[in-house]
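Right, one structure below, let's go through it.
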Number of protein chains: 2
Amino acid sequence: MTPHKIGIIGLGKIAQDQHLPVIRANSNFELLAVSSQRGIAPEDARYSFQDYRDLLGLKDVEAVAICTPPQVRHHIAREALLAGKSVLLEKPPAATLSELEDLRQLAHKVGKTLFTTWHSQYNKAVEEAKKALAGWSIKRLQVTWKEDVRHWHPGQQWIWAAGGFGVFDPGINALSIVTRIMPEPVFIKAANLEFPANRDAPIAATLQFQTGHTDGNLQAVFDWRQTGPQSWDIEVETEAGFALKLAHGGSCLEIDGRLVVKEEPAEYQGIYRRFDALLTIGRSEVDDAPFRLVADAFMVGKRVQVEAFEE
Amino acid sequence: MTPHKIGIIGLGKIAQDQHLPVIRANSNFELLAVSSQRGIAPEDARYSFQDYRDLLGLKDVEAVAICTPPQVRHHIAREALLAGKSVLLEKPPAATLSELEDLRQLAHKVGKTLFTTWHSQYNKAVEEAKKALAGWSIKRLQVTWKEDVRHWHPGQQWIWAAGGFGVFDPGINALSIVTRIMPEPVFIKAANLEFPANRDAPIAATLQFQTGHTDGNLQAVFDWRQTGPQSWDIEVETEAGFALKLAHGGSCLEIDGRLVVKEEPAEYQGIYRRFDALLTIGRSEVDDAPFRLVADAFMVGKRVQVEAFEE
């Protein structure tokens, strides 16, 4: 089998830290080209461009991974699909749900693979949690996603602009685990969104969920003001009596206090294994559930103003 | 053919002004039952309940029209579908997009008809506008939806609560026309949402749209503070040179200044004709495009605080 010839569009932190090394280590892919507005040119990419349209003009590129900020993804993905390329989208897959729906329809029309990636879903602990919860009713869900924005997003202005998602940028990772493991769909019943006085995106949020069956005690807390220890934990209690905890962003699973899975995250390895399979069988995988919950939270959320945030 | 035996759940203003008389005048429907928390009992309904679950318990009811406020629609619709009833949903079809997606999947699973209604789409002028625009590129779109909330929603507190949609309650009617007539999908590029200091829902909004092809001059203005003449107009200018105006909420169509359609609105007659057909052929019609644009506007919109609103 010849490897999938792939291009990366947008060479920011996530592309350099994850996509590049994982593609290099996967012999089913060949890094053919990159495009970077800032002109970053990895030595092993045969072609490097500043303008992504030059990359899309390469006949040999079968697929592209779009790692730009979300605001421009739809436009680039549209051109890529129309140029006959399959498309992998970093999270969140677009700036709006309508843009994603448009890409879904376009991919179907042109017969190319469209793949929305939610990296947190690619942990063994998440898969085990899903299996453990299947078929049970949920009594309690507590999502705690607290991190220090100054550490994780230094100088990133776009995340604070309207449409920049704010604390939902990490929060959507938690939601992508929730939609994956919960045995029935969850809905946003109410939300509290805390906007710093000088910013157009929330720095913290509390979400109340419900399911079709229960108004139970289902909650998420996202906070970007956490200094000291960081928390990326999801606790679930079932009607059956057992309790489960996914800790460290989904990489560890405890059931009733017993450590069941603990492994180094290999999320992007999983993403590219899946992309390989999707390209080979010619299918798309478009999961909009986490993104829909974010839009729902913004739609029903009560906005409260909090202290200005200075970096 | 025996008529479809129908029940109405929720007997507020829209049910009394539109659903009841239109069902009565359509011989393909028979009003079998109603449920009203306030105990409203029309003389010609064979059964009247205060609790909708009693209505759902009637074996003869084939379909229900859910005319409650949107916050409780999902819960009631879920029970209705599980009770084997087909469901018509007033607009907006649910409190969140995730709730609507859940109903879509449930209707498919139980094999019942689910019908999301967008009453403004049922105007002849809207259909003619759609036909006139098909295949053209759009140069300009100007939506102007300005009405007096004191006149149209006196004392309705839920529309001002978080999740109550505010000015998007009428604005979604405009969006349902836009998604219907535009020859290609539109996306929210930016939005400005004006929240009164004492309310949790916007009183006014400005939306900037874009399409896959153009960043052109595509705009909507919603305002609930309009006294005097009310405006529900949509103007579209095509690259081909002709301009089109849908006025009075979609009931009149002018093309290049020439009046092409002018007729009394018969929106709900059209809705029930369509519901009759859907029930008869056993199909669902779930259109989430207008609702998605509202969620997108809340997600990317910049919030600004304006003067408190007192009724």
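Residue names in the structure tokens use chain letters A, B, ... in the order shown, residue numbers from 1 in each chain, and ligand numbers from 1 in the order shown.
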
Quiz item: Skipping near chain neighbours, those fewer than 2 positions away, what residues fall within 8 Å of A:Ala289 using only C-alpha atoms, listed as a ChimeraX atom specification?
Solution: /A:176,179,287,291-293 /B:98

Write the residues you've just listed into a file as a CSV table (one decimal), in the first residue's frame, and include N, CA, C and O atoms for each of them.
```csv
chain,number,residue,atom,x,y,z
A,176,SER,N,-16.6,16.8,24.6
A,176,SER,CA,-16.4,15.8,23.6
A,176,SER,C,-16.2,14.4,24.3
A,176,SER,O,-16.6,13.4,23.7
A,179,THR,N,-20.1,13.6,25.5
A,179,THR,CA,-20.9,13.1,24.5
A,179,THR,C,-20.5,11.7,24.1
A,179,THR,O,-21.4,10.9,23.6
A,287,ASP,N,-18.8,14.6,13.6
A,287,ASP,CA,-19.5,14.5,14.9
A,287,ASP,C,-19.6,16.0,15.3
A,287,ASP,O,-18.7,16.6,15.7
A,291,PHE,N,-19.8,20.4,19.7
A,291,PHE,CA,-19.9,21.8,19.2
A,291,PHE,C,-21.3,22.3,19.4
A,291,PHE,O,-21.5,23.5,19.7
A,292,ARG,N,-22.3,21.4,19.2
A,292,ARG,CA,-23.7,21.8,19.4
A,292,ARG,C,-24.0,22.2,20.8
A,292,ARG,O,-24.7,23.1,21.1
A,293,LEU,N,-23.4,21.4,21.7
A,293,LEU,CA,-23.5,21.8,23.2
A,293,LEU,C,-23.0,23.2,23.5
A,293,LEU,O,-23.5,23.9,24.3
B,98,SER,N,-29.5,20.6,20.5
B,98,SER,CA,-29.3,19.2,20.9
B,98,SER,C,-30.6,18.5,21.2
B,98,SER,O,-30.8,17.3,20.9
```

Quiz prompt | Picked from stretch 52-131 of chain A by DSSP as strand (DSSP E or B), as a list in words | solution =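 Restricting stretch 52-131 of chain A to strand (DSSP E or B) produces Ala63, Val64, Ala65, Ile66, Ser86, Val87, Leu88, Leu89, Leu114, Phe115 and Thr116 of chain A.
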
Just write the chosen residues, N, CA, C and O atoms, as a short mmCIF file (atom, residue, chain, number, x, y, z; two decimals), in the first residue's frame.
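The new file selection-v3.cif reads:
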```cif
data_model
loop_
_atom_site.label_atom_id
_atom_site.label_comp_id
_atom_site.auth_asym_id
_atom_site.auth_seq_id
_atom_site.Cartn_x
_atom_site.Cartn_y
_atom_site.Cartn_z
N ALA A 63 -4.93 14.43 0.94
CA ALA A 63 -5.69 14.93 2.09
C ALA A 63 -4.94 16.06 2.77
O ALA A 63 -3.71 16.12 2.71
N VAL A 64 -5.71 16.93 3.43
CA VAL A 64 -5.08 17.99 4.21
C VAL A 64 -5.61 17.98 5.64
O VAL A 64 -6.77 17.65 5.88
N ALA A 65 -4.73 18.34 6.57
CA ALA A 65 -5.13 18.57 7.96
C ALA A 65 -5.15 20.07 8.17
O ALA A 65 -4.14 20.74 7.93
N ILE A 66 -6.32 20.59 8.58
CA ILE A 66 -6.45 22.05 8.72
C ILE A 66 -6.30 22.42 10.19
O ILE A 66 -7.15 22.09 11.02
N SER A 86 -9.39 15.29 0.56
CA SER A 86 -10.07 14.93 1.80
C SER A 86 -9.54 15.85 2.90
O SER A 86 -8.44 16.39 2.79
N VAL A 87 -10.36 16.00 3.96
CA VAL A 87 -10.06 17.04 4.95
C VAL A 87 -10.19 16.51 6.38
O VAL A 87 -11.20 15.91 6.74
N LEU A 88 -9.14 16.76 7.17
CA LEU A 88 -9.19 16.54 8.61
C LEU A 88 -9.26 17.92 9.26
O LEU A 88 -8.48 18.81 8.93
N LEU A 89 -10.20 18.09 10.20
CA LEU A 89 -10.37 19.38 10.87
C LEU A 89 -9.95 19.28 12.32
O LEU A 89 -10.44 18.43 13.06
N LEU A 114 -14.50 13.75 5.05
CA LEU A 114 -14.42 14.86 6.00
C LEU A 114 -14.38 14.25 7.39
O LEU A 114 -15.18 13.39 7.72
N PHE A 115 -13.42 14.70 8.19
CA PHE A 115 -13.19 14.07 9.49
C PHE A 115 -13.06 15.18 10.55
O PHE A 115 -12.12 15.96 10.53
N THR A 116 -14.04 15.25 11.46
CA THR A 116 -13.95 16.18 12.58
C THR A 116 -13.23 15.46 13.72
O THR A 116 -13.66 14.39 14.15
#
```

Exercise. Would you please work out which residue, of B:Ile281, B:Cys67, B:Leu244, B:Val304, is nearest to chain A when using only C-alpha atoms?
Key: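 Nearest candidate to chain A out of B:Ile281, B:Cys67, B:Leu244, B:Val304: B:Val304.
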
Practice problem: Find the residues in chain A near chain B: any atom within 9 Å counts, using only C-alpha atoms. Write them as an MDAnalysis selection string. | Solution: chainID A and resid 71 74:75 78 95:99 102 161:165 185:191 200:201 212 289 292:303

Self-check item: A:Gly257 surroundings by only C-alpha atoms, 12 Å radius, close-in-sequence under 2 positions cut, as a list of chain:residue names
Solution: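 Skipping anything fewer than 2 positions along the chain leaves A:Glu235, A:Phe242, A:Ala243, A:Leu244, A:Lys245, A:Leu246, A:Ala247, A:Cys252, A:Leu253, A:Glu254, A:Ile255, A:Leu259, A:Val260, A:Val261.
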
With all heavy atoms retained, export the selected residues as a short mmCIF file (atom, residue, chain, number, x, y, z; two decimals), in the first residue's frame.
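selection-v3.cif was written with the following content:
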```cif
data_model
loop_
_atom_site.label_atom_id
_atom_site.label_comp_id
_atom_site.auth_asym_id
_atom_site.auth_seq_id
_atom_site.Cartn_x
_atom_site.Cartn_y
_atom_site.Cartn_z
N GLU A 235 -16.43 13.02 36.74
CA GLU A 235 -16.92 11.99 37.66
C GLU A 235 -18.36 11.64 37.29
O GLU A 235 -19.18 12.53 37.03
CB GLU A 235 -16.89 12.50 39.10
CG GLU A 235 -15.47 12.72 39.61
CD GLU A 235 -15.48 13.48 40.93
OE1 GLU A 235 -15.50 14.72 40.88
OE2 GLU A 235 -15.49 12.82 41.99
N PHE A 242 -22.30 2.12 41.02
CA PHE A 242 -20.86 2.32 40.88
C PHE A 242 -20.54 3.73 40.37
O PHE A 242 -21.36 4.39 39.75
CB PHE A 242 -20.22 1.23 40.01
CG PHE A 242 -20.51 1.33 38.53
CD1 PHE A 242 -19.72 2.10 37.70
CD2 PHE A 242 -21.58 0.61 37.99
CE1 PHE A 242 -20.00 2.16 36.33
CE2 PHE A 242 -21.85 0.68 36.63
CZ PHE A 242 -21.06 1.46 35.82
N ALA A 243 -19.35 4.17 40.73
CA ALA A 243 -18.92 5.51 40.36
C ALA A 243 -17.61 5.40 39.59
O ALA A 243 -16.81 4.50 39.81
CB ALA A 243 -18.72 6.37 41.59
N LEU A 244 -17.44 6.35 38.69
CA LEU A 244 -16.33 6.28 37.75
C LEU A 244 -15.68 7.66 37.69
O LEU A 244 -16.37 8.67 37.78
CB LEU A 244 -16.98 5.86 36.45
CG LEU A 244 -16.37 5.78 35.10
CD1 LEU A 244 -17.23 4.85 34.25
CD2 LEU A 244 -16.34 7.14 34.47
N LYS A 245 -14.37 7.66 37.59
CA LYS A 245 -13.69 8.95 37.46
C LYS A 245 -12.65 8.92 36.35
O LYS A 245 -11.76 8.06 36.35
CB LYS A 245 -13.00 9.33 38.78
CG LYS A 245 -12.28 10.66 38.72
CD LYS A 245 -11.71 11.08 40.06
CE LYS A 245 -10.96 12.41 39.90
NZ LYS A 245 -10.46 12.89 41.21
N LEU A 246 -12.84 9.84 35.40
CA LEU A 246 -11.84 10.03 34.35
C LEU A 246 -11.00 11.22 34.78
O LEU A 246 -11.52 12.33 34.93
CB LEU A 246 -12.51 10.36 33.03
CG LEU A 246 -12.97 9.18 32.16
CD1 LEU A 246 -13.89 9.68 31.06
CD2 LEU A 246 -11.77 8.47 31.56
N ALA A 247 -9.72 11.00 35.00
CA ALA A 247 -8.88 12.10 35.48
C ALA A 247 -7.82 12.46 34.43
O ALA A 247 -7.63 11.75 33.44
CB ALA A 247 -8.21 11.70 36.79
N CYS A 252 -6.73 8.77 32.57
CA CYS A 252 -6.82 7.78 33.66
C CYS A 252 -8.27 7.46 33.96
O CYS A 252 -9.10 8.36 34.00
CB CYS A 252 -6.22 8.34 34.95
SG CYS A 252 -4.46 8.60 34.85
N LEU A 253 -8.55 6.20 34.21
CA LEU A 253 -9.90 5.82 34.59
C LEU A 253 -9.86 5.04 35.90
O LEU A 253 -9.14 4.06 36.04
CB LEU A 253 -10.55 4.94 33.51
CG LEU A 253 -11.93 4.35 33.88
CD1 LEU A 253 -12.98 5.44 34.03
CD2 LEU A 253 -12.37 3.32 32.82
N GLU A 254 -10.66 5.55 36.86
CA GLU A 254 -10.88 4.83 38.12
C GLU A 254 -12.34 4.42 38.17
O GLU A 254 -13.22 5.21 37.85
CB GLU A 254 -10.63 5.76 39.31
CG GLU A 254 -9.19 5.97 39.67
CD GLU A 254 -9.04 6.96 40.83
OE1 GLU A 254 -10.02 7.15 41.59
OE2 GLU A 254 -7.97 7.56 40.94
N ILE A 255 -12.58 3.16 38.57
CA ILE A 255 -13.95 2.74 38.83
C ILE A 255 -14.03 2.31 40.28
O ILE A 255 -13.26 1.45 40.72
CB ILE A 255 -14.39 1.59 37.89
CG1 ILE A 255 -14.30 2.05 36.43
CG2 ILE A 255 -15.82 1.15 38.21
CD1 ILE A 255 -14.75 1.02 35.41
N LEU A 259 -7.95 1.91 40.09
CA LEU A 259 -7.36 2.42 38.85
C LEU A 259 -7.46 1.34 37.77
O LEU A 259 -6.84 0.28 37.89
CB LEU A 259 -5.90 2.80 39.10
CG LEU A 259 -5.21 3.57 37.97
CD1 LEU A 259 -5.88 4.91 37.71
CD2 LEU A 259 -3.74 3.77 38.30
N VAL A 260 -8.22 1.62 36.74
CA VAL A 260 -8.46 0.62 35.69
C VAL A 260 -7.59 0.88 34.46
O VAL A 260 -7.07 -0.04 33.82
CB VAL A 260 -9.96 0.61 35.30
CG1 VAL A 260 -10.21 -0.38 34.19
CG2 VAL A 260 -10.82 0.28 36.53
N VAL A 261 -7.44 2.16 34.12
CA VAL A 261 -6.58 2.52 32.99
C VAL A 261 -5.70 3.69 33.41
O VAL A 261 -6.19 4.65 34.00
CB VAL A 261 -7.39 2.96 31.74
CG1 VAL A 261 -6.44 3.32 30.60
CG2 VAL A 261 -8.39 1.91 31.30
#
```

Self-check item: Option closest in space to B:Pro202, from B:Phe309, B:Trp118, B:Trp136, B:Trp145 [counting only C-alpha atoms]
Solution: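 Ranking B:Phe309, B:Trp118, B:Trp136, B:Trp145 by distance to B:Pro202, first place goes to B:Phe309.
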
Quiz prompt | Using only C-alpha atoms: which of B:Lys131, B:Arg104, B:Arg24, B:Arg38 has the shortest distance to B:Gly12 | solution =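 Among the listed residues, B:Arg38 lies closest to B:Gly12.
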